[in-house]
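The structure file input_1.txt is reproduced below (compact mmCIF, C-alpha atoms).
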```txt
# COMPACT_ATOMS: atom_id res chain seq x y z
CA MET A 1 0.00 0.00 0.00
CA LYS A 2 1.38 3.38 -0.99
CA LYS A 3 0.81 6.31 1.31
CA LEU A 4 0.77 9.94 0.27
CA THR A 5 2.03 11.16 3.61
CA ARG A 6 2.03 14.91 3.22
CA PRO A 7 -1.69 15.57 2.58
CA ILE A 8 -2.64 13.08 5.29
CA VAL A 9 -0.48 14.82 7.86
CA ALA A 10 -1.80 18.20 6.72
CA ALA A 11 -5.38 17.02 7.04
CA ALA A 12 -4.77 15.56 10.48
CA GLY A 13 -3.14 18.79 11.58
CA ALA A 14 -6.08 20.82 10.33
CA ILE A 15 -8.49 18.63 12.27
CA ALA A 16 -6.50 18.87 15.47
CA LEU A 17 -6.59 22.65 15.19
CA SER A 18 -10.21 23.03 14.16
CA THR A 19 -12.20 20.51 16.19
CA SER A 20 -10.10 20.06 19.30
CA ILE A 21 -9.44 16.38 18.73
CA ALA A 22 -6.10 15.95 20.46
CA THR A 23 -3.18 15.43 18.07
CA ALA A 24 -2.15 12.17 19.73
CA ASP A 25 -5.65 10.78 19.23
CA VAL A 26 -5.64 11.85 15.58
CA ASP A 27 -2.31 10.10 15.05
CA THR A 28 -3.63 6.91 16.67
CA ASP A 29 -6.87 7.02 14.71
CA ARG A 30 -5.07 7.68 11.42
CA ALA A 31 -2.72 4.76 12.04
CA SER A 32 -5.70 2.52 12.80
CA ILE A 33 -7.45 3.56 9.60
CA GLU A 34 -4.34 3.07 7.48
CA ASN A 35 -4.03 -0.34 9.08
CA ILE A 36 -7.58 -1.23 7.99
CA LEU A 37 -6.78 -0.18 4.42
CA SER A 38 -3.63 -2.31 4.42
CA SER A 39 -5.52 -5.27 5.91
CA TYR A 40 -8.27 -4.86 3.33
CA GLU A 41 -5.72 -4.92 0.50
CA THR A 42 -4.25 -8.15 1.91
CA ALA A 43 -7.70 -9.70 2.43
CA LEU A 44 -8.64 -8.96 -1.21
CA ASN A 45 -5.38 -10.36 -2.57
CA THR A 46 -5.72 -13.54 -0.50
CA ALA A 47 -9.47 -13.89 -1.23
CA ASN A 48 -10.14 -14.10 2.49
CA THR A 49 -13.80 -13.39 3.22
CA ASP A 50 -13.40 -13.92 6.98
CA SER A 51 -10.73 -11.21 7.13
CA VAL A 52 -12.84 -8.83 5.04
CA VAL A 53 -15.92 -9.25 7.21
CA LEU A 54 -13.90 -8.51 10.37
CA LEU A 55 -12.99 -5.11 8.90
CA TYR A 56 -16.64 -4.08 8.46
CA ALA A 57 -19.02 -2.71 11.05
CA ASP A 58 -21.90 -5.12 11.72
CA ASP A 59 -24.27 -2.67 10.00
CA GLY A 60 -21.76 -1.76 7.27
CA VAL A 61 -22.71 -1.25 3.62
CA PHE A 62 -20.71 -2.60 0.65
CA MET A 63 -21.51 -0.97 -2.70
CA PRO A 64 -19.60 -2.85 -5.42
CA GLN A 65 -19.85 -1.84 -9.05
CA ASN A 66 -22.39 -3.88 -11.06
CA SER A 67 -24.52 -4.67 -8.03
CA THR A 68 -27.01 -2.99 -5.76
CA PRO A 69 -25.73 -2.38 -2.19
CA PHE A 70 -25.15 -5.11 0.39
CA VAL A 71 -26.27 -4.02 3.87
CA GLY A 72 -25.10 -5.78 7.03
CA ALA A 73 -22.50 -8.43 7.85
CA GLU A 74 -24.40 -11.42 6.48
CA ALA A 75 -25.06 -9.85 3.08
CA ILE A 76 -21.49 -8.53 2.92
CA ARG A 77 -20.08 -12.00 3.63
CA ALA A 78 -22.15 -13.54 0.83
CA ALA A 79 -21.11 -10.77 -1.56
CA TYR A 80 -17.37 -11.25 -1.00
CA ASP A 81 -17.75 -15.03 -1.19
CA GLY A 82 -19.29 -14.46 -4.61
CA VAL A 83 -16.53 -12.09 -5.69
CA PHE A 84 -13.76 -14.45 -4.59
CA GLN A 85 -15.41 -17.43 -6.30
CA THR A 86 -15.43 -15.46 -9.55
CA ILE A 87 -12.11 -13.60 -9.56
CA LYS A 88 -8.61 -13.53 -8.08
CA LEU A 89 -7.19 -10.07 -7.36
CA ASP A 90 -3.59 -8.93 -7.30
CA ILE A 91 -3.89 -5.22 -6.60
CA SER A 92 -2.21 -2.44 -4.68
CA PHE A 93 -3.94 0.51 -3.00
CA THR A 94 -2.72 4.10 -3.08
CA VAL A 95 -4.12 6.28 -0.28
CA ASP A 96 -5.03 9.71 -1.65
CA GLU A 97 -6.60 11.03 1.53
CA VAL A 98 -7.51 10.12 5.10
CA LEU A 99 -9.76 12.69 6.76
CA GLN A 100 -11.17 12.44 10.26
CA LEU A 101 -14.62 14.04 10.35
CA ALA A 102 -15.47 13.56 14.02
CA PRO A 103 -14.15 11.52 16.96
CA GLN A 104 -16.14 8.52 15.69
CA TRP A 105 -16.10 9.09 11.94
CA ALA A 106 -13.48 9.30 9.18
CA LEU A 107 -13.24 8.89 5.43
CA ALA A 108 -10.53 7.65 3.11
CA ARG A 109 -10.18 8.11 -0.60
CA THR A 110 -8.00 5.59 -2.42
CA ARG A 111 -7.19 4.19 -5.83
CA SER A 112 -6.17 0.63 -6.59
CA GLU A 113 -4.39 -0.95 -9.54
CA GLY A 114 -3.33 -4.41 -10.51
CA VAL A 115 -4.51 -7.53 -12.27
CA VAL A 116 -7.74 -9.48 -12.05
CA THR A 117 -7.86 -13.15 -13.03
CA ILE A 118 -11.16 -14.78 -13.97
CA ASN A 119 -11.10 -18.05 -12.04
CA ALA A 120 -13.26 -19.96 -14.55
CA THR A 121 -11.02 -19.22 -17.54
CA GLY A 122 -7.68 -18.04 -16.16
CA ASP A 123 -8.02 -14.89 -18.29
CA LYS A 124 -6.23 -11.87 -16.85
CA ALA A 125 -7.09 -8.20 -17.27
CA PRO A 126 -5.82 -4.91 -15.88
CA GLU A 127 -7.86 -3.66 -12.92
CA ALA A 128 -8.01 -0.01 -11.86
CA ASN A 129 -10.51 1.43 -9.40
CA GLN A 130 -11.17 4.36 -7.12
CA GLU A 131 -12.65 3.88 -3.66
CA LEU A 132 -14.44 5.94 -1.03
CA PHE A 133 -14.47 4.49 2.49
CA VAL A 134 -16.37 5.86 5.50
CA PHE A 135 -15.12 4.45 8.81
CA GLN A 136 -16.87 4.41 12.16
CA LYS A 137 -15.13 3.91 15.49
CA GLN A 138 -16.94 1.17 17.36
CA GLU A 139 -17.83 1.15 21.05
CA ASP A 140 -14.80 -1.09 21.71
CA GLY A 141 -12.53 1.58 20.18
CA ASP A 142 -11.86 -0.31 16.93
CA TRP A 143 -12.36 1.48 13.63
CA ARG A 144 -14.41 -0.44 11.06
CA ILE A 145 -15.62 0.12 7.51
CA ALA A 146 -19.12 1.63 7.73
CA ARG A 147 -19.69 2.44 4.04
CA TYR A 148 -17.56 1.44 1.05
CA ILE A 149 -18.04 2.04 -2.67
CA PHE A 150 -15.72 1.67 -5.62
CA SER A 151 -15.86 2.22 -9.34
CA THR A 152 -13.51 1.49 -12.20
CA THR A 153 -11.23 4.24 -13.45
CA ASN A 154 -10.66 2.39 -16.72
CA PRO A 155 -12.36 3.92 -19.80
CA ALA A 156 -15.91 2.78 -20.58
CA ARG A 157 -16.42 -0.13 -22.94
CA ARG A 158 -18.64 1.04 -25.76
CA MET B 1 -36.77 12.21 -5.96
CA LYS B 2 -38.11 9.44 -3.77
CA LYS B 3 -37.51 9.63 -0.05
CA LEU B 4 -37.48 6.68 2.30
CA THR B 5 -38.62 8.69 5.26
CA ARG B 6 -38.60 6.19 8.08
CA PRO B 7 -34.88 5.24 8.19
CA ILE B 8 -33.92 8.88 7.75
CA VAL B 9 -35.99 9.95 10.73
CA ALA B 10 -34.66 7.03 12.76
CA ALA B 11 -31.07 7.96 11.90
CA ALA B 12 -31.67 11.59 12.76
CA GLY B 13 -33.20 10.59 16.08
CA ALA B 14 -30.23 8.40 16.93
CA ILE B 15 -27.87 11.28 16.19
CA ALA B 16 -29.82 13.70 18.34
CA LEU B 17 -29.59 11.27 21.24
CA SER B 18 -25.99 10.23 20.82
CA THR B 19 -24.06 13.36 19.97
CA SER B 20 -26.17 16.12 21.49
CA ILE B 21 -26.94 17.82 18.17
CA ALA B 22 -30.29 19.45 18.89
CA THR B 23 -33.22 17.82 17.12
CA ALA B 24 -34.29 21.06 15.44
CA ASP B 25 -30.80 21.45 13.98
CA VAL B 26 -30.85 17.86 12.73
CA ASP B 27 -34.20 18.47 11.02
CA THR B 28 -32.89 21.64 9.37
CA ASP B 29 -29.67 19.95 8.27
CA ARG B 30 -31.52 16.93 6.91
CA ALA B 31 -33.87 19.15 4.95
CA SER B 32 -30.89 21.07 3.52
CA ILE B 33 -29.17 17.85 2.48
CA GLU B 34 -32.31 16.44 0.88
CA ASN B 35 -32.62 19.74 -0.95
CA ILE B 36 -29.09 19.36 -2.35
CA LEU B 37 -29.93 15.86 -3.57
CA SER B 38 -33.07 17.14 -5.26
CA SER B 39 -31.19 20.06 -6.81
CA TYR B 40 -28.47 17.72 -8.02
CA GLU B 41 -31.06 15.48 -9.70
CA THR B 42 -32.52 18.51 -11.47
CA ALA B 43 -29.07 19.83 -12.47
CA LEU B 44 -28.17 16.46 -14.01
CA ASN B 45 -31.46 16.19 -15.90
CA THR B 46 -31.11 19.73 -17.26
CA ALA B 47 -27.36 19.32 -18.03
CA ASN B 48 -26.67 22.47 -16.00
CA THR B 49 -22.99 22.62 -15.06
CA ASP B 50 -23.35 25.97 -13.26
CA SER B 51 -26.01 24.52 -10.96
CA VAL B 52 -23.92 21.42 -10.28
CA VAL B 53 -20.81 23.41 -9.38
CA LEU B 54 -22.79 25.54 -6.90
CA LEU B 55 -23.71 22.35 -5.02
CA TYR B 56 -20.06 21.36 -4.48
CA ALA B 57 -17.62 22.65 -1.87
CA ASP B 58 -14.74 24.57 -3.46
CA ASP B 59 -12.38 21.73 -2.51
CA GLY B 60 -14.91 19.00 -3.35
CA VAL B 61 -14.02 15.76 -5.09
CA PHE B 62 -16.06 14.15 -7.90
CA MET B 63 -15.29 10.49 -8.59
CA PRO B 64 -17.23 9.39 -11.67
CA GLN B 65 -17.02 5.87 -13.00
CA ASN B 66 -14.53 5.42 -15.87
CA SER B 67 -12.35 8.32 -14.74
CA THR B 68 -9.83 9.15 -12.06
CA PRO B 69 -11.07 11.68 -9.46
CA PHE B 70 -11.65 15.39 -10.16
CA VAL B 71 -10.47 17.54 -7.24
CA GLY B 72 -11.60 21.14 -6.79
CA ALA B 73 -14.21 23.37 -8.42
CA GLU B 74 -12.34 24.04 -11.68
CA ALA B 75 -11.71 20.35 -12.40
CA ILE B 76 -15.29 19.47 -11.38
CA ARG B 77 -16.70 22.10 -13.75
CA ALA B 78 -14.68 20.71 -16.67
CA ALA B 79 -15.72 17.17 -15.81
CA TYR B 80 -19.46 17.92 -15.83
CA ASP B 81 -19.11 19.99 -19.02
CA GLY B 82 -17.59 16.88 -20.58
CA VAL B 83 -20.36 14.63 -19.27
CA PHE B 84 -23.12 16.92 -20.51
CA GLN B 85 -21.52 17.27 -23.95
CA THR B 86 -21.52 13.49 -24.24
CA ILE B 87 -24.83 12.39 -22.71
CA LYS B 88 -28.30 13.57 -21.74
CA LEU B 89 -29.69 12.14 -18.51
CA ASP B 90 -33.28 11.53 -17.51
CA ILE B 91 -32.97 9.92 -14.09
CA SER B 92 -34.62 9.86 -10.70
CA PHE B 93 -32.86 9.46 -7.35
CA THR B 94 -34.04 7.30 -4.47
CA VAL B 95 -32.61 8.28 -1.08
CA ASP B 96 -31.69 5.14 0.87
CA GLU B 97 -30.07 6.94 3.80
CA VAL B 98 -29.14 10.35 5.15
CA LEU B 99 -26.85 10.17 8.18
CA GLN B 100 -25.39 13.14 9.99
CA LEU B 101 -21.95 12.25 11.32
CA ALA B 102 -21.04 15.52 13.06
CA PRO B 103 -22.32 19.09 13.16
CA GLN B 104 -20.37 19.80 9.95
CA TRP B 105 -20.46 16.42 8.21
CA ALA B 106 -23.11 14.10 6.81
CA LEU B 107 -23.41 11.31 4.27
CA ALA B 108 -26.14 10.18 1.94
CA ARG B 109 -26.53 6.91 0.13
CA THR B 110 -28.75 6.93 -2.94
CA ARG B 111 -29.62 5.00 -6.06
CA SER B 112 -30.66 6.48 -9.39
CA GLU B 113 -32.47 5.03 -12.38
CA GLY B 114 -33.57 6.29 -15.74
CA VAL B 115 -32.43 6.69 -19.32
CA VAL B 116 -29.20 7.98 -20.79
CA THR B 117 -29.12 9.36 -24.33
CA ILE B 118 -25.85 9.54 -26.25
CA ASN B 119 -25.89 13.03 -27.76
CA ALA B 120 -23.78 12.10 -30.79
CA THR B 121 -26.04 9.27 -31.94
CA GLY B 122 -29.36 9.70 -30.12
CA ASP B 123 -29.03 6.13 -28.84
CA LYS B 124 -30.78 5.54 -25.52
CA ALA B 125 -29.90 3.03 -22.83
CA PRO B 126 -31.14 2.21 -19.33
CA GLU B 127 -29.06 3.86 -16.60
CA ALA B 128 -28.88 2.58 -13.02
CA ASN B 129 -26.35 3.71 -10.45
CA GLN B 130 -25.66 3.82 -6.73
CA GLU B 131 -24.14 6.89 -5.12
CA LEU B 132 -22.31 7.80 -1.93
CA PHE B 133 -22.24 11.50 -1.02
CA VAL B 134 -20.31 13.12 1.82
CA PHE B 135 -21.52 16.63 2.65
CA GLN B 136 -19.72 19.37 4.56
CA LYS B 137 -21.43 22.36 6.15
CA GLN B 138 -19.62 25.48 4.99
CA GLU B 139 -18.67 28.47 7.13
CA ASP B 140 -21.71 30.34 5.75
CA GLY B 141 -23.98 27.54 7.03
CA ASP B 142 -24.71 26.04 3.61
CA TRP B 143 -24.25 22.32 3.12
CA ARG B 144 -22.24 21.34 0.02
CA ILE B 145 -21.06 18.14 -1.63
CA ALA B 146 -17.54 17.40 -0.32
CA ARG B 147 -17.01 13.94 -1.84
CA TYR B 148 -19.18 12.11 -4.36
CA ILE B 149 -18.74 8.77 -6.08
CA PHE B 150 -21.10 6.61 -8.09
CA SER B 151 -20.99 3.27 -9.84
CA THR B 152 -23.38 1.40 -12.08
CA THR B 153 -25.65 -1.22 -10.55
CA ASN B 154 -26.28 -2.77 -13.98
CA PRO B 155 -24.60 -6.18 -14.55
CA ALA B 156 -21.09 -6.16 -15.99
CA ARG B 157 -20.63 -6.34 -19.73
CA ARG B 158 -18.46 -9.35 -20.51
```
Take the structure I supplied and represent it as structure tokens, if you would.
Amino acid sequence: MKKLTRPIVAAAGAIALSTSIATADVDTDRASIENILSSYETALNTANTDSVVLLYADDGVFMPQNSTPFVGAEAIRAAYDGVFQTIKLDISFTVDEVLQLAPQWALARTRSEGVVTINATGDKAPEANQELFVFQKQEDGDWRIARYIFSTTNPARR
Amino acid sequence: MKKLTRPIVAAAGAIALSTSIATADVDTDRASIENILSSYETALNTANTDSVVLLYADDGVFMPQNSTPFVGAEAIRAAYDGVFQTIKLDISFTVDEVLQLAPQWALARTRSEGVVTINATGDKAPEANQELFVFQKQEDGDWRIARYIFSTTNPARR
């Protein structure tokens, strides 16, 4: 996972100044959120549904391209099982932005690039997406994915 | 624009209880955000770039499918000009969720359906997308679109 450190630090600094979230807390929260993004990248590349589901809030929402939204842990689990049965991913995330919105809420904007392999045929194709994550800090202090949507950045097929 | 009133009211109630944002403020903010969504629907259907740009924060980010992100008002204006030169939209939004995250931040999750017409050919096709909006209340008290991404919910073309 690539990190664009300067804008992240700038954003965190701006938050600490403007909303009185202590700087140490912001640093800890940012590290936790970057850790989720890194874990999510690994979970995708290892096709590990259990790991993915652990990163989501119980009432999280997964909004994959070419599907209506999946709401809640059970639906999310079934959705990723379906994805991983169909394709194998080998992708890397670039973090464009991590922005803490409130003590319990943050967003991240990322892009991902790599190769997708269709399991049924072995065909490979370039994969490039952009992602918007909204994270919610849970009552136990862990950050989880609350809302997540992605779309391809490759040109449209006409 | 269709509104699913019950979950919105429930979400607003939960916020008022949990983060001490006064209920009257939540109602006003929710109404403002629903108004942005309605205005955005109208701006898309009338191909009105000026109206769209007024709905975005100056440092907003637009993440359309089949493109890398557009950051800031100037880039967003050029992006919508490009969209409206290429296609004509006749779509309707359904609001699945409006959730206020903090006094200055909120999200909305929507779906949209309708018809897209390719201006160059007149060809029409069914359009169906899902959207995730993040809104930021500006210093003047107006809510604006801070981050916005959509992806098709139609099946993949193989």
For this session: Counting only C-alpha atoms, collect the residues of chain A whose closest atom lies at most 12 Å from chain B, and write them out as a VMD selection string.
Result: chain A and resid 18 to 19 61 to 71 96 to 97 99 to 113 118 125 127 to 137 146 to 158
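Coordinates place atom CA of Thr94 of chain B at a distance of 11.3 Å from atom CA of Gly114 of chain B.
Atom pair atom CA of Leu37 of chain A / atom CA of Thr86 of chain A has a distance of 22.4 Å (rounded to one decimal).
If you count all atoms listed in the file and ignore residues fewer than 2 places along the chain from segment 49-51 of chain B, what sits within 10 Å of it is Ser39, Tyr40, Thr42, Ala43, Leu44, Thr46, Ala47, Val53, Leu54, Leu55, Tyr56, Ile76, Arg77, Ala78, Ala79, Tyr80, Asp81, Gly82, Val83 and Phe84 of chain B.
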Restricting the output to C-alpha atoms, write the selected residues as a PDB file, in the frame of the given file.
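Listing of part36.pdb after writing:
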```pdb
ATOM      1  CA  SER B  39     -31.190  20.060  -6.810  1.00  0.00           C
ATOM      2  CA  TYR B  40     -28.470  17.720  -8.020  1.00  0.00           C
ATOM      3  CA  THR B  42     -32.520  18.510 -11.470  1.00  0.00           C
ATOM      4  CA  ALA B  43     -29.070  19.830 -12.470  1.00  0.00           C
ATOM      5  CA  LEU B  44     -28.170  16.460 -14.010  1.00  0.00           C
ATOM      6  CA  THR B  46     -31.110  19.730 -17.260  1.00  0.00           C
ATOM      7  CA  ALA B  47     -27.360  19.320 -18.030  1.00  0.00           C
ATOM      8  CA  VAL B  53     -20.810  23.410  -9.380  1.00  0.00           C
ATOM      9  CA  LEU B  54     -22.790  25.540  -6.900  1.00  0.00           C
ATOM     10  CA  LEU B  55     -23.710  22.350  -5.020  1.00  0.00           C
ATOM     11  CA  TYR B  56     -20.060  21.360  -4.480  1.00  0.00           C
ATOM     12  CA  ILE B  76     -15.290  19.470 -11.380  1.00  0.00           C
ATOM     13  CA  ARG B  77     -16.700  22.100 -13.750  1.00  0.00           C
ATOM     14  CA  ALA B  78     -14.680  20.710 -16.670  1.00  0.00           C
ATOM     15  CA  ALA B  79     -15.720  17.170 -15.810  1.00  0.00           C
ATOM     16  CA  TYR B  80     -19.460  17.920 -15.830  1.00  0.00           C
ATOM     17  CA  ASP B  81     -19.110  19.990 -19.020  1.00  0.00           C
ATOM     18  CA  GLY B  82     -17.590  16.880 -20.580  1.00  0.00           C
ATOM     19  CA  VAL B  83     -20.360  14.630 -19.270  1.00  0.00           C
ATOM     20  CA  PHE B  84     -23.120  16.920 -20.510  1.00  0.00           C
TER      21      PHE B  84
END
```
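The environment of Leu89 of chain A within 7 Å, counting only C-alpha atoms and disregarding residues fewer than 3 places along the same chain, consists of Leu44, Asn45, Val115, Val116 and Thr117 of chain A.
When only C-alpha atoms are used to measure the gap to Asp29 of chain A, the shortest distance among A:Ala57, A:Ala120, A:Glu74, A:Val98 belongs to A:Val98.
Atom CA of Ile36 of chain A sits 7.9 Å away from atom CA of Trp143 of chain A.
When only C-alpha atoms are used to compute distances to Asn48 of chain A, the closest of the residues A:Thr121, A:Thr28, A:Asn35, A:Gln85 turns out to be A:Gln85.
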